[in-house]
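The structure file model.txt is reproduced below (compact mmCIF, C-alpha atoms and all ligand atoms).
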# COMPACT_ATOMS: atom_id res chain seq x y z
CA MET I 1 36.12 6.47 -131.59
CA LYS I 2 32.45 6.26 -130.65
CA TYR I 3 30.19 3.59 -132.15
CA ASP I 4 26.47 3.23 -132.69
CA SER I 5 24.59 -0.04 -133.01
CA LEU I 6 21.57 -1.38 -134.80
CA PRO I 7 20.26 -4.73 -133.55
CA HIS I 8 22.80 -6.69 -135.66
CA LEU I 9 25.40 -4.15 -136.72
CA THR I 10 27.80 -1.75 -135.02
CA LEU I 11 29.51 1.03 -136.97
CA PRO I 12 31.95 3.79 -136.05
CA ARG I 13 30.30 7.18 -135.75
CA ILE I 14 32.88 8.71 -138.09
CA GLY I 15 33.96 7.08 -141.34
CA PHE I 16 35.83 8.40 -144.37
CA GLY I 17 34.21 9.81 -147.53
CA THR I 18 35.96 9.46 -150.89
CA TRP I 19 34.28 11.92 -153.25
CA LYS I 20 37.25 13.59 -155.05
CA ILE I 21 39.55 10.64 -154.22
CA GLY I 22 40.84 9.58 -157.63
CA GLY I 23 39.28 12.56 -159.44
CA GLY I 24 35.86 14.23 -159.64
CA SER I 25 33.34 13.09 -162.24
CA PHE I 26 36.22 11.55 -164.22
CA ALA I 27 39.35 9.67 -163.21
CA ASP I 28 42.31 11.97 -162.71
CA PRO I 29 45.40 9.77 -162.25
CA LYS I 30 47.57 12.90 -161.79
CA THR I 31 46.09 13.17 -158.28
CA ASP I 32 46.71 9.50 -157.36
CA SER I 33 49.63 10.21 -155.03
CA VAL I 34 47.59 12.73 -152.99
CA SER I 35 44.62 10.35 -152.95
CA MET I 36 46.72 7.35 -151.88
CA ARG I 37 48.38 9.41 -149.15
CA ALA I 38 44.92 10.40 -147.86
CA LEU I 39 43.67 6.79 -147.86
CA HIS I 40 46.82 5.46 -146.16
CA THR I 41 46.64 8.23 -143.55
CA ALA I 42 42.98 7.42 -142.90
CA ILE I 43 43.75 3.71 -142.43
CA GLU I 44 46.73 4.43 -140.16
CA THR I 45 44.58 6.86 -138.15
CA GLY I 46 42.06 4.09 -137.49
CA TYR I 47 39.15 4.78 -139.84
CA THR I 48 37.45 1.51 -140.77
CA HIS I 49 34.28 2.64 -142.58
CA PHE I 50 35.02 3.92 -146.10
CA ASP I 51 32.34 5.31 -148.37
CA THR I 52 32.79 5.25 -152.15
CA ALA I 53 30.62 4.88 -155.28
CA GLU I 54 30.91 3.56 -158.83
CA MET I 55 30.26 7.18 -159.87
CA TYR I 56 33.23 8.66 -158.00
CA ALA I 57 36.05 9.40 -160.42
CA ASN I 58 34.23 7.07 -162.80
CA GLY I 59 35.22 4.03 -160.71
CA HIS I 60 38.79 5.12 -159.99
CA SER I 61 37.92 5.99 -156.37
CA GLU I 62 36.95 2.31 -155.83
CA GLU I 63 40.21 1.19 -157.47
CA LEU I 64 42.33 3.37 -155.19
CA LEU I 65 40.38 2.40 -152.07
CA GLY I 66 40.84 -1.30 -152.86
CA ARG I 67 44.55 -0.71 -153.45
CA ALA I 68 44.95 1.13 -150.14
CA VAL I 69 43.19 -1.67 -148.25
CA ARG I 70 45.43 -4.32 -149.87
CA GLU I 71 48.59 -2.31 -149.20
CA SER I 72 47.71 -1.80 -145.53
CA GLN I 73 48.70 -4.31 -142.89
CA VAL I 74 45.06 -4.49 -141.84
CA ARG I 75 42.92 -7.55 -142.66
CA ARG I 76 39.98 -7.00 -145.02
CA GLU I 77 37.41 -8.05 -142.36
CA ALA I 78 38.40 -5.09 -140.18
CA PHE I 79 37.04 -2.70 -142.83
CA PHE I 80 33.45 -1.79 -143.61
CA ILE I 81 33.26 -0.81 -147.28
CA THR I 82 30.24 1.06 -148.62
CA THR I 83 29.75 1.62 -152.34
CA LYS I 84 26.81 2.71 -154.46
CA VAL I 85 25.02 1.83 -157.68
CA THR I 86 24.23 4.85 -159.88
CA PRO I 87 20.63 5.76 -160.81
CA SER I 88 21.21 4.80 -164.47
CA HIS I 89 21.98 1.19 -163.41
CA LEU I 90 18.80 0.33 -161.51
CA ARG I 91 17.42 -2.29 -163.92
CA TYR I 92 17.83 -5.93 -162.83
CA ASP I 93 20.75 -6.88 -165.12
CA ASP I 94 22.41 -3.49 -164.72
CA VAL I 95 22.45 -3.78 -160.91
CA LEU I 96 24.10 -7.20 -161.12
CA SER I 97 26.77 -6.01 -163.55
CA ALA I 98 27.35 -2.72 -161.67
CA CYS I 99 28.04 -4.74 -158.52
CA GLU I 100 30.42 -7.11 -160.36
CA ASN I 101 32.28 -4.09 -161.73
CA SER I 102 32.57 -2.50 -158.28
CA LEU I 103 33.88 -5.78 -156.80
CA ARG I 104 36.40 -6.05 -159.64
CA ARG I 105 37.63 -2.47 -159.17
CA LEU I 106 37.82 -2.88 -155.38
CA GLN I 107 39.38 -6.36 -155.87
CA MET I 108 37.19 -7.64 -153.06
CA ASP I 109 34.81 -10.62 -152.73
CA THR I 110 32.14 -8.74 -150.80
CA ILE I 111 30.75 -5.25 -150.41
CA ASP I 112 29.72 -4.58 -146.80
CA LEU I 113 27.04 -2.06 -147.69
CA TYR I 114 25.57 -1.43 -151.15
CA LEU I 115 23.44 1.70 -151.62
CA ILE I 116 21.19 3.01 -154.33
CA HIS I 117 23.02 6.31 -154.85
CA TRP I 118 20.00 8.43 -155.86
CA PRO I 119 16.39 7.65 -156.68
CA GLY I 120 16.19 6.86 -160.40
CA ALA I 121 13.66 8.66 -162.61
CA GLY I 122 11.05 6.02 -163.52
CA ALA I 123 12.98 3.28 -161.71
CA LYS I 124 11.08 0.04 -161.10
CA TYR I 125 12.33 -0.66 -157.60
CA GLU I 126 10.72 -4.14 -157.65
CA ASP I 127 13.32 -5.04 -160.32
CA THR I 128 16.13 -3.22 -158.56
CA PHE I 129 15.49 -5.01 -155.27
CA ARG I 130 15.08 -8.38 -156.98
CA ALA I 131 18.72 -7.92 -158.04
CA LEU I 132 19.87 -6.43 -154.74
CA ASN I 133 18.25 -9.27 -152.78
CA LYS I 134 19.99 -11.79 -155.05
CA LEU I 135 23.35 -10.09 -154.39
CA VAL I 136 22.80 -10.48 -150.65
CA ARG I 137 21.69 -14.12 -151.01
CA ASP I 138 24.76 -14.82 -153.18
CA GLY I 139 27.06 -13.29 -150.57
CA LYS I 140 28.30 -10.50 -152.86
CA VAL I 141 26.77 -7.85 -150.59
CA LYS I 142 26.27 -7.99 -146.83
CA HIS I 143 23.85 -5.10 -146.20
CA LEU I 144 21.57 -2.89 -148.29
CA GLY I 145 20.78 0.79 -148.00
CA VAL I 146 19.67 3.84 -149.94
CA SER I 147 20.81 7.41 -150.41
CA ASN I 148 18.96 10.66 -151.06
CA PHE I 149 15.63 8.84 -150.62
CA ASN I 150 12.53 10.56 -149.24
CA LEU I 151 10.32 8.86 -146.65
CA LYS I 152 7.98 7.32 -149.22
CA GLN I 153 10.90 5.85 -151.20
CA LEU I 154 12.57 4.59 -148.02
CA LYS I 155 9.40 2.84 -146.86
CA GLN I 156 8.98 1.23 -150.29
CA SER I 157 12.60 0.02 -150.11
CA GLN I 158 11.96 -1.51 -146.69
CA GLU I 159 9.00 -3.42 -148.14
CA LEU I 160 11.00 -4.71 -151.12
CA SER I 161 14.21 -5.62 -149.33
CA GLU I 162 14.54 -9.13 -147.87
CA THR I 163 17.05 -7.80 -145.33
CA PRO I 164 16.80 -4.64 -143.21
CA ILE I 165 17.63 -1.36 -144.96
CA ILE I 166 20.41 -0.21 -142.67
CA THR I 167 20.89 3.39 -143.81
CA ASN I 168 19.64 6.34 -145.76
CA GLN I 169 22.68 8.47 -146.65
CA VAL I 170 21.63 12.13 -146.89
CA PRO I 171 23.11 15.61 -146.49
CA TYR I 172 23.15 16.69 -142.86
CA SER I 173 25.13 19.44 -141.15
CA LEU I 174 24.68 22.43 -138.86
CA SER I 175 23.49 24.44 -141.89
CA ASP I 176 21.46 21.73 -143.62
CA ARG I 177 18.79 20.17 -141.43
CA SER I 178 16.31 19.44 -144.21
CA TYR I 179 16.22 15.73 -143.30
CA VAL I 180 15.25 16.62 -139.72
CA LYS I 181 12.50 18.95 -140.91
CA ASN I 182 11.06 16.34 -143.30
CA GLY I 183 10.85 13.72 -140.54
CA MET I 184 13.61 11.42 -141.87
CA LEU I 185 15.83 11.51 -138.78
CA GLU I 186 12.93 10.73 -136.45
CA TYR I 187 11.84 7.84 -138.70
CA CYS I 188 15.39 6.42 -138.78
CA GLN I 189 15.66 6.69 -135.01
CA ARG I 190 12.33 4.95 -134.50
CA TYR I 191 13.02 2.07 -136.94
CA ASP I 192 16.71 1.37 -136.29
CA ILE I 193 18.15 2.82 -139.49
CA PHE I 194 21.39 4.80 -139.56
CA LEU I 195 21.10 8.28 -141.00
CA THR I 196 24.54 8.60 -142.64
CA ALA I 197 25.29 12.32 -142.79
CA TYR I 198 27.14 13.34 -145.94
CA SER I 199 28.77 16.77 -146.45
CA PRO I 200 28.80 17.12 -142.63
CA ILE I 201 31.22 20.04 -142.79
CA GLU I 202 29.45 21.66 -145.70
CA GLU I 203 32.02 20.64 -148.32
CA GLY I 204 34.67 22.59 -146.43
CA ASN I 205 32.69 25.86 -146.40
CA LEU I 206 31.48 25.54 -142.82
CA LYS I 207 29.41 28.51 -141.69
CA LYS I 208 30.81 29.70 -138.38
CA SER I 209 28.35 31.10 -135.85
CA ARG I 210 29.50 32.84 -132.67
CA ALA I 211 28.25 29.81 -130.68
CA LEU I 212 30.32 27.44 -132.82
CA GLU I 213 33.47 29.56 -132.39
CA ASN I 214 32.98 29.81 -128.60
CA ILE I 215 32.35 26.09 -128.14
CA ALA I 216 35.41 25.27 -130.25
CA LYS I 217 37.52 27.52 -128.01
CA ALA I 218 36.12 25.90 -124.86
CA HIS I 219 37.10 22.43 -126.11
CA ASP I 220 40.43 23.52 -127.58
CA ALA I 221 39.11 22.10 -130.85
CA THR I 222 38.51 23.41 -134.37
CA THR I 223 35.06 24.55 -135.51
CA TYR I 224 35.09 21.63 -137.98
CA GLN I 225 35.59 19.16 -135.15
CA ILE I 226 32.71 20.70 -133.18
CA ALA I 227 30.48 20.55 -136.26
CA LEU I 228 31.24 16.82 -136.54
CA ALA I 229 30.77 16.25 -132.80
CA TRP I 230 27.35 17.92 -133.07
CA VAL I 231 26.30 15.72 -136.01
CA ILE I 232 27.17 12.50 -134.19
CA SER I 233 25.73 13.61 -130.84
CA GLN I 234 22.35 12.46 -132.15
CA PRO I 235 21.19 8.87 -131.88
CA ARG I 236 21.44 6.79 -135.09
CA VAL I 237 23.52 9.43 -136.89
CA ILE I 238 26.88 8.41 -138.31
CA THR I 239 28.97 10.47 -140.72
CA ILE I 240 31.65 10.26 -143.42
CA PRO I 241 33.67 13.50 -143.79
CA MET I 242 36.17 13.60 -146.63
CA SER I 243 39.63 15.15 -146.57
CA ALA I 244 42.84 14.84 -148.55
CA ASN I 245 44.78 16.73 -145.88
CA PRO I 246 46.50 14.43 -143.32
CA GLN I 247 46.02 16.87 -140.45
CA HIS I 248 42.31 17.28 -141.21
CA ILE I 249 41.96 13.50 -141.56
CA ARG I 250 43.30 13.03 -138.01
CA GLU I 251 41.33 15.96 -136.58
CA ASN I 252 38.07 14.64 -138.03
CA PHE I 253 38.70 11.21 -136.50
CA GLU I 254 39.47 12.75 -133.10
CA ALA I 255 36.24 14.76 -133.22
CA ALA I 256 34.46 11.57 -132.17
CA ASP I 257 36.07 11.89 -128.73
CA ILE I 258 34.64 15.35 -128.04
CA GLU I 259 31.83 15.30 -125.46
CA LEU I 260 29.47 18.23 -125.99
CA THR I 261 27.29 19.22 -123.03
CA GLN I 262 23.53 19.35 -123.42
CA THR I 263 23.74 23.16 -123.18
CA GLU I 264 26.31 23.29 -125.98
CA ILE I 265 24.17 21.02 -128.17
CA GLU I 266 21.20 23.32 -127.60
CA GLN I 267 23.28 26.40 -128.40
CA LEU I 268 24.35 24.79 -131.68
CA ASN I 269 20.77 23.68 -132.39
CA ASN I 270 19.67 27.29 -132.07
CA ALA I 271 22.65 28.98 -133.77
N1 LIG I 301 25.30 9.96 -151.31
C1 LIG I 301 25.54 11.11 -151.91
O1 LIG I 301 24.82 11.57 -152.81
C2 LIG I 301 26.73 11.91 -151.46
C3 LIG I 301 26.87 13.26 -151.84
C4 LIG I 301 27.98 13.95 -151.39
C5 LIG I 301 28.92 13.31 -150.59
N2 LIG I 301 28.78 11.99 -150.27
C6 LIG I 301 29.80 11.28 -149.43
O2 LIG I 301 30.02 12.04 -148.25
C7 LIG I 301 31.40 12.37 -148.16
C8 LIG I 301 31.58 13.69 -147.44
O3 LIG I 301 30.90 14.73 -148.09
P1 LIG I 301 31.66 15.86 -148.96
O4 LIG I 301 32.95 15.33 -149.44
O5 LIG I 301 30.66 16.33 -149.95
O6 LIG I 301 31.84 17.07 -147.96
P2 LIG I 301 32.50 17.31 -146.51
O7 LIG I 301 33.04 16.06 -145.95
O8 LIG I 301 31.49 18.08 -145.73
O9 LIG I 301 33.67 18.33 -146.85
C9 LIG I 301 34.84 17.95 -147.53
C10 LIG I 301 35.71 19.20 -147.68
O10 LIG I 301 36.00 19.73 -146.37
C11 LIG I 301 37.40 19.95 -146.22
N3 LIG I 301 37.74 19.52 -144.85
C12 LIG I 301 37.64 18.26 -144.38
N4 LIG I 301 38.01 18.20 -143.08
C13 LIG I 301 38.36 19.47 -142.73
C14 LIG I 301 38.82 20.04 -141.53
N5 LIG I 301 38.98 19.29 -140.42
N6 LIG I 301 39.10 21.38 -141.52
C15 LIG I 301 38.91 22.11 -142.64
N7 LIG I 301 38.47 21.62 -143.82
C16 LIG I 301 38.19 20.30 -143.87
C17 LIG I 301 38.08 19.09 -147.24
O11 LIG I 301 39.22 19.74 -147.74
P3 LIG I 301 40.70 19.17 -147.40
O12 LIG I 301 40.91 18.01 -148.30
O13 LIG I 301 41.57 20.34 -147.68
O14 LIG I 301 40.71 18.78 -145.95
C18 LIG I 301 37.03 18.94 -148.34
O15 LIG I 301 37.19 19.96 -149.30
C19 LIG I 301 31.88 12.35 -149.61
O16 LIG I 301 33.27 12.28 -149.72
C20 LIG I 301 31.15 11.14 -150.12
O17 LIG I 301 31.79 9.94 -149.72
C21 LIG I 301 27.69 11.30 -150.67
Starting from the coordinates I provided, produce the structure as structure tokens.
Amino acid sequence: MKYDSLPHLTLPRIGFGTWKIGGGSFADPKTDSVSMRALHTAIETGYTHFDTAEMYANGHSEELLGRAVRESQVRREAFFITTKVTPSHLRYDDVLSACENSLRRLQMDTIDLYLIHWPGAGAKYEDTFRALNKLVRDGKVKHLGVSNFNLKQLKQSQELSETPIITNQVPYSLSDRSYVKNGMLEYCQRYDIFLTAYSPIEEGNLKKSRALENIAKAHDATTYQIALAWVISQPRVITIPMSANPQHIRENFEAADIELTQTEIEQLNNA
């Protein structure tokens, strides 16, 4: 595994996403055995950063993740758990209760990274951050971040947060470079913020250019692995692919070991 560091925090370049673990927009307990197998495989493979949200499977994703961590032989401190507060819970009291509910479902004392999942229509971020700052001071949350924020919203968050905003989680893949074009990646690189790339393999529908196919062949790797290797070849970019398939889970983890040449990176940049 490769790692990237901010001044006071080091994270693995590839973590594990959990959208669809436990269900979609609603809990779907019928899929629990597949979800638990995926989480156990991920832990056994060596993933330590897990990304969930109160919104995923209406909280059931957090419940299953917490269960998998407890059932593993790995100590809690070895994990880095990210979860997110939904845009409808951004008022002061709602943030505090959303966090308590996430901690209860995870059955954990602390969340390593707590994100605002999406900007909220009409949200008063002064109120939101008053609550988020309290959660950090009270030790319920270690780090704060945002997701799907534009530059203006990110800068406002940095002003309101008493601790550094450590990430903006946004879509980023070979086919979706909107957060490069809008200046977000450059800003994150300049100010020591991780850009956490979500949907890095385009929700499983990876577009396969000739260059991608050729580079995969040259590395004896899959196109999905090369797509992940490209995403994390850039400074300050970490990612969180999701899979319920044990082979894919292992392949995605191993993608961190692929060393792309500068020429290959340029070919993929231009594909
Ligand atoms: N902050 C936000 O608003 C936001 C939005 C979206 C996602 N996210 C986070 O980011 C995570 C990842 O994004 P995502 O789930 O949207 O998309 P993704 O990781 O790009 O793609 C997941 C899909 O790709 C397939 N897949 C995974 N590895 C593969 C491989 N090696 N070969 C072939 N197919 C593979 C999976 O199917 P199999 O199960 O069959 O492998 C799954 O259907 C989410 O789980 C979530 O934690 C955050």
inquiry  = Taking 2 positions as the minimum chain separation for residues in the same chain, which residues sit within 8 Å of segment 85-96 of chain I when counting only C-alpha atoms? Answer as a ChimeraX atom specification.
reply    = /I:53-55,83,98-100,114-121,123-125,127-132,135
message = Counting all atoms listed in the file, what are the residues, protein, DNA or RNA alike, that approach ligand LIG 301 (chain I) to within 6 Å? I want them as a PyMOL selection string.
response = chain I and resi 17-19+51-52+117+147+169+198-204+224+240-245+248+251-252
Residues within 10 Å of Ile232 of chain I, all atoms listed in the file, excluding chain neighbours under 5 positions, as a ChimeraX atom specification = /I:2-4,13-14,196-197,200,226-227,237-239,255-256
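All residues that come within 10 Å of the coordinates (28.7, 21.4, -124.1), counting all atoms listed in the file, are given as Ile215, Ala216, Ala218, His219, Ile226, Trp230, Ile258, Glu259, Leu260, Thr261, Gln262, Thr263, Glu264, Ile265, Glu266, Gln267 and Leu268 of chain I.
If you count all atoms listed in the file and ignore residues fewer than 5 places along the chain from Lys152 of chain I, what sits within 12 Å of it is Pro119, Ser157, Gln158, Glu159, Asn182, Gly183, Met184 and Tyr187 of chain I.
Nearest-residue note for Lys142 of chain I: choosing from I:Ala38, I:Ile111, I:Val180, I:Ala271, the minimum distance belongs to I:Ile111, counting all atoms listed in the file.
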Local residues around (38.8, 5.9, -158.0), at most 12 Å away, using only C-alpha atoms, as a ChimeraX atom specification = /I:18-32,35-36,39,51-68,83,102,105-106
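Taking atom CA of Asn148 of chain I and atom CA of His8 of chain I as the two end points, the separation is 23.5 Å.
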task = Would you please work out which residue, of I:Glu162, I:Ala42, I:Arg104, I:Ser175, is nearest to Lys140 of chain I when using only C-alpha atoms?
result =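 Smallest separation from Lys140 of chain I among the options: I:Arg104.
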ask   = Using all atoms listed in the file, which residue out of I:Glu213, I:Asp109, I:Asp192, I:Glu254 lies closest to Ser5 of chain I?
value =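 Closest residue, counting all atoms listed in the file: I:Asp192.
Nearest to His143 of chain I of all the residues I:Lys84, I:Lys217, I:Arg76, I:Lys155 is I:Lys84, based on only C-alpha atoms.
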query = Taking all atoms listed in the file into account, which of I:Glu126, I:Asn150, I:Leu206, I:Tyr191 comes nearest Tyr179 of chain I?
reply = I:Asn150
task = Pick out the closest residue to Val136 of chain I from this set: I:Asn269, I:Ile81, I:Leu113, I:Gln153. Count only C-alpha atoms.
result = I:Leu113
task = One decimal, Å: what's the distance from atom CA of Phe80 of chain I over to atom CA of Phe194 of chain I, could you say?
result =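 So the answer is 14.3 Å.
Our summary of the geometry notes that atom CA of Thr163 of chain I is positioned 20.8 Å from atom CA of Phe79 of chain I.
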